[in-house]
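K.L.:
Take this structure first; my questions come after.
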Amino acid sequence: MKQSTKQQLELLAYKLLYDVFFLWILAVIFLLIAQNILPNYFFSQISLAKMIFGLFAIVFLIGFFGKRQNILIDSNQENSKKISKIFIFLLILSALLIVNSFRNLEIHFLIISSLSALIVFFFFLKIILSNQK
Amino acid sequence: MLNFTKNIILEPTWQKIYSVGRVLILLGFLSSTLYFLKNTFFPLEKFVLNLKNQKVAENLLGYEDVSLSEKIFSAYSKDNFSLANFRITTAKNQPDLTSKTISLRKTYSAFAYPLSEKKAIFPDRTLLKNSDQFFLVSNGKLRKFSSRKIFESLGYLENNFQEATNEEIGSMEKGEEIIETQNYPDNSLFLINDTYYEFFNNTLRPFASEKTFLSHCEKNQAIIKDEEILGKYPVDQDNPIGFANGTLLSFDIGVFLVEDGKVIPFNNPETFLALGYNWDDIIPANEEEIGLYQRDKVFSISRPHPSGTVFFDQDNGQYYLISGKNKQEIQGENIKRIYLKRKPILANGKSLDFNFSCALEKKLWPFNSYGCQLPVVDLAKIAGKDYQFKINPSSNLDISQVNIIFSREINWLNMRDILSDIKQRLFDAYGYETIN
């Protein structure tokens, strides 16, 4: 196989895997939300472990092709803004899922654990922000 | 769809391939999503019986070799379905099963037990009166107090006795008359210092608690006595009397059924409901009361109702009591009142008939296999959890495997059931009351 064909093929595989990765992540997020809202309803038909394993396999292949083609993750300003928006969205989503999974706990325990989590989170952010400065 | 790799430019030909690839990935994703949703909302339920190698991943089918010419396979489910696919695979050189009929019924396997000639009788310990005659049911027999003086001198009052009709009295085997005033007859009940006791074989056996007593009897069946009697007879403190057979108990997060000195934990709420039990009949038990019993294996959906269960046939209005592997008719209003302390399990007499059938056809694969399909939508109206398939091979048949697959059609009615199930699960998960 010609070198250029091989390169194009690997780039094609990289791009397609990236698309599969996006859809796969979307499916995992949907399933996690569904599982959180309706426990054991959706996962009776599908294995989360297998889905996570599949996700790792895709990430590994993306890394493999990326390394072979010397592709670096683009870190220009526009992308980093997009990533931080996604990060905030995922953070809020995770917080909502955690709060929802705590719904059956006793109110006193819930208040104490939520306050502790907020304090830890506050100091965690403070450390990150001070490092950035 | 978002493009995360637009900075990576491909040559025009490869870009076209990439565009086609993206469309294919999207189509694959959409079809997988639809397949997943179909399997989640309209799941197949598969049952298998492998007589050559018992290692199977699917649910196991129950198998009953009724006779050489009659075999019954039972699948267990709380759900309703649209279609049942039946497939039987025989060993080599077996008779041809083409055109043989497979019949199906949906019922409770305990309700399908043979009807005993014996009718249900008043349980032991019951005190009965019929005009001016007074009786105690002791050791399964009806013992008459020879005179009013006798029962009065034993300490009984007239309001300890419940009415019984001539027919109810006549249906019972007669025991010896009670003529002694010195000794109490077996199955006499006493209330001594807030503890209930049963007199049996000249020994007093305490009930573990008032709740355990009330699961067997009514409060007014016990004679109130003072402590003196405890010195007169030995007291068997090591073997207190527990709850009546068939009592539903709750302890911690578990629900249990009492059967023959054991408690059987239900494996999940679905099994509890599939067996037709009622949440209102559960008695909260404490550690001491639960500790009286050994724990048995979990109560799964394939297990039949135990002895002591009462069924109500909605088709003929008759009540039946399960006793061992038989069912006894409960006749007489006063007997019914005793057995109906707990709500009966609703059943349908018509469910005992094998009303649905299909003719087997030879299948190309696997070899020696035959199958047919039964529409089972109408079974939804019938109470029960046991789907029993009957085959009558003309001679002894060497079966290798039986597969049954239940499926639901994608239609509005089934969708409504699913939405209602989701709504119920949401209500359960978020702490609302159960809706009906």
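Lettering and numbering for the structure tokens are positional, with chains as A, B, ... in the shown order, residues counted from 1 in each chain, and ligands counted from 1 in the shown order.
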Please identify every residue of chain B that has at least one atom no more than 9 Å from any atom of chain A, counting only C-alpha atoms, and report them as a count of residues only.

P.N.:
33

K.L.:
Would you list, as a ChimeraX atom specification, the residues of range 13-122 of chain B that end up in strand (DSSP E) under DSSP run on this structure's backbone?

P.N.:
/B:45-50,59-60,62-67,70-76,83-90,101-107

K.L.:
Can I get the selection written as a compact mmCIF listing (two decimals), in the first residue's frame, with C-alpha atoms?

P.N.:
# COMPACT_ATOMS: atom_id res chain seq x y z
CA GLU B 45 -39.15 -13.41 27.38
CA LYS B 46 -37.31 -16.64 26.67
CA PHE B 47 -37.68 -19.94 28.50
CA VAL B 48 -35.79 -23.11 27.86
CA LEU B 49 -35.72 -26.68 29.06
CA ASN B 50 -32.64 -28.62 28.09
CA ASN B 59 -35.17 -18.86 32.35
CA LEU B 60 -35.79 -22.50 33.07
CA GLY B 62 -40.90 -26.23 34.56
CA TYR B 63 -41.45 -29.80 33.37
CA GLU B 64 -44.03 -32.29 34.55
CA ASP B 65 -44.31 -35.79 33.12
CA VAL B 66 -47.99 -36.24 33.96
CA SER B 67 -48.16 -39.58 32.17
CA GLU B 70 -49.08 -36.18 28.65
CA LYS B 71 -46.30 -33.72 29.34
CA ILE B 72 -46.66 -30.20 30.72
CA PHE B 73 -44.10 -27.41 30.37
CA SER B 74 -44.56 -24.33 32.54
CA ALA B 75 -43.23 -20.85 31.92
CA TYR B 76 -43.62 -18.28 34.68
CA LEU B 83 -47.54 -14.25 20.96
CA ALA B 84 -45.98 -17.43 22.30
CA ASN B 85 -43.57 -19.36 20.09
CA PHE B 86 -43.27 -23.00 21.10
CA ARG B 87 -40.47 -25.22 19.80
CA ILE B 88 -39.70 -28.80 20.79
CA THR B 89 -36.59 -30.68 19.71
CA THR B 90 -36.52 -34.45 20.04
CA THR B 101 -51.45 -30.27 19.20
CA ILE B 102 -49.87 -27.97 21.77
CA SER B 103 -52.46 -26.62 24.22
CA LEU B 104 -51.97 -23.71 26.56
CA ARG B 105 -53.56 -22.39 29.72
CA LYS B 106 -52.63 -19.57 32.09
CA THR B 107 -53.37 -20.20 35.73

K.L.:
Step one, run DSSP on the backbone; step two, keep only residues of range 204-305 of chain B assigned to helix (DSSP H, G or I); then write them as a ChimeraX atom specification.

P.N.:
/B:210-216,219-221,228-232,269-274,279-281,287-290

K.L.:
Take the residues that were just selected and, keeping N, CA and C atoms, output them as a JSON list (two decimals), in the first residue's frame.

P.N.:
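Writing done, so here's part28.json:
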[["chain", "number", "residue", "atom", "x", "y", "z"],
["B", 210, "GLU", "N", -49.00, -11.73, 70.76],
["B", 210, "GLU", "CA", -50.44, -11.61, 70.49],
["B", 210, "GLU", "C", -50.69, -11.70, 68.98],
["B", 211, "LYS", "N", -49.73, -11.11, 68.20],
["B", 211, "LYS", "CA", -49.89, -11.14, 66.73],
["B", 211, "LYS", "C", -49.91, -12.57, 66.21],
["B", 212, "THR", "N", -49.03, -13.41, 66.78],
["B", 212, "THR", "CA", -49.00, -14.81, 66.30],
["B", 212, "THR", "C", -50.31, -15.51, 66.67],
["B", 213, "PHE", "N", -50.85, -15.19, 67.86],
["B", 213, "PHE", "CA", -52.12, -15.79, 68.28],
["B", 213, "PHE", "C", -53.23, -15.36, 67.33],
["B", 214, "LEU", "N", -53.26, -14.06, 67.02],
["B", 214, "LEU", "CA", -54.34, -13.54, 66.17],
["B", 214, "LEU", "C", -54.24, -14.03, 64.73],
["B", 215, "SER", "N", -53.07, -14.51, 64.32],
["B", 215, "SER", "CA", -52.98, -15.07, 62.96],
["B", 215, "SER", "C", -53.68, -16.43, 62.88],
["B", 216, "HIS", "N", -53.91, -17.06, 64.06],
["B", 216, "HIS", "CA", -54.61, -18.35, 64.08],
["B", 216, "HIS", "C", -56.07, -18.19, 64.50],
["B", 219, "LYS", "N", -59.53, -13.21, 69.42],
["B", 219, "LYS", "CA", -59.22, -12.94, 70.83],
["B", 219, "LYS", "C", -60.15, -13.68, 71.78],
["B", 220, "ASN", "N", -61.46, -13.70, 71.42],
["B", 220, "ASN", "CA", -62.45, -14.25, 72.37],
["B", 220, "ASN", "C", -62.42, -15.77, 72.46],
["B", 221, "GLN", "N", -61.53, -16.43, 71.73],
["B", 221, "GLN", "CA", -61.48, -17.90, 71.82],
["B", 221, "GLN", "C", -60.69, -18.36, 73.05],
["B", 228, "GLU", "N", -52.07, -19.41, 88.49],
["B", 228, "GLU", "CA", -52.12, -20.72, 89.17],
["B", 228, "GLU", "C", -51.96, -21.89, 88.20],
["B", 229, "ILE", "N", -52.59, -21.74, 87.03],
["B", 229, "ILE", "CA", -52.60, -22.84, 86.06],
["B", 229, "ILE", "C", -51.19, -23.14, 85.52],
["B", 230, "LEU", "N", -50.32, -22.12, 85.54],
["B", 230, "LEU", "CA", -48.94, -22.32, 85.06],
["B", 230, "LEU", "C", -48.17, -23.29, 85.96],
["B", 231, "GLY", "N", -48.57, -23.36, 87.23],
["B", 231, "GLY", "CA", -47.92, -24.28, 88.15],
["B", 231, "GLY", "C", -48.49, -25.68, 88.04],
["B", 232, "LYS", "N", -49.68, -25.75, 87.49],
["B", 232, "LYS", "CA", -50.37, -27.05, 87.42],
["B", 232, "LYS", "C", -49.88, -27.91, 86.25],
["B", 269, "PRO", "N", -40.50, -7.57, 44.57],
["B", 269, "PRO", "CA", -41.92, -7.19, 44.66],
["B", 269, "PRO", "C", -42.75, -7.75, 43.51],
["B", 270, "GLU", "N", -42.11, -7.93, 42.35],
["B", 270, "GLU", "CA", -42.85, -8.45, 41.19],
["B", 270, "GLU", "C", -43.38, -9.86, 41.47],
["B", 271, "THR", "N", -42.54, -10.69, 42.13],
["B", 271, "THR", "CA", -42.99, -12.05, 42.46],
["B", 271, "THR", "C", -44.18, -11.99, 43.41],
["B", 272, "PHE", "N", -44.09, -11.11, 44.40],
["B", 272, "PHE", "CA", -45.16, -10.95, 45.38],
["B", 272, "PHE", "C", -46.48, -10.62, 44.66],
["B", 273, "LEU", "N", -46.41, -9.66, 43.75],
["B", 273, "LEU", "CA", -47.63, -9.25, 43.04],
["B", 273, "LEU", "C", -48.07, -10.32, 42.04],
["B", 274, "ALA", "N", -47.09, -10.99, 41.40],
["B", 274, "ALA", "CA", -47.43, -12.03, 40.42],
["B", 274, "ALA", "C", -48.19, -13.17, 41.08],
["B", 279, "TRP", "N", -50.55, -6.18, 49.47],
["B", 279, "TRP", "CA", -49.63, -5.51, 50.40],
["B", 279, "TRP", "C", -50.29, -5.29, 51.77],
["B", 280, "ASP", "N", -51.63, -5.09, 51.78],
["B", 280, "ASP", "CA", -52.33, -4.79, 53.04],
["B", 280, "ASP", "C", -52.32, -5.98, 54.00],
["B", 281, "ASP", "N", -52.06, -7.18, 53.49],
["B", 281, "ASP", "CA", -52.09, -8.37, 54.34],
["B", 281, "ASP", "C", -50.78, -8.63, 55.07],
["B", 287, "GLU", "N", -37.89, -8.83, 65.56],
["B", 287, "GLU", "CA", -36.76, -9.74, 65.44],
["B", 287, "GLU", "C", -37.04, -11.09, 66.11],
["B", 288, "GLU", "N", -37.71, -11.00, 67.26],
["B", 288, "GLU", "CA", -38.00, -12.22, 68.02],
["B", 288, "GLU", "C", -38.95, -13.13, 67.24],
["B", 289, "GLU", "N", -39.97, -12.51, 66.62],
["B", 289, "GLU", "CA", -40.96, -13.30, 65.87],
["B", 289, "GLU", "C", -40.33, -13.92, 64.62],
["B", 290, "ILE", "N", -39.51, -13.16, 63.94],
["B", 290, "ILE", "CA", -38.84, -13.70, 62.73],
["B", 290, "ILE", "C", -37.83, -14.76, 63.13]]

K.L.:
How far is it from CA of Asn202 in chain B to CA of Tyr339 in chain B, in Å with one decimal?

P.N.:
28.0 Å

K.L.:
Excluding Lys119 in chain B and residues on its chain fewer than 4 positions from it, collect all residues at most 12 Å away from it, counting only C-alpha atoms, and give them as a list in words.

P.N.:
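Near Lys119 in chain B, the qualifying residues are Leu115, Pro123, Glu167, Glu168, Gly170, Ser171, Met172, Glu173, Tyr319, Tyr320, Leu321, Ile322, Ser323, Asn326, Lys327, Gln328, Glu329, Ile330, Gln331, Gly332, Ile335 and Lys336 of chain B.
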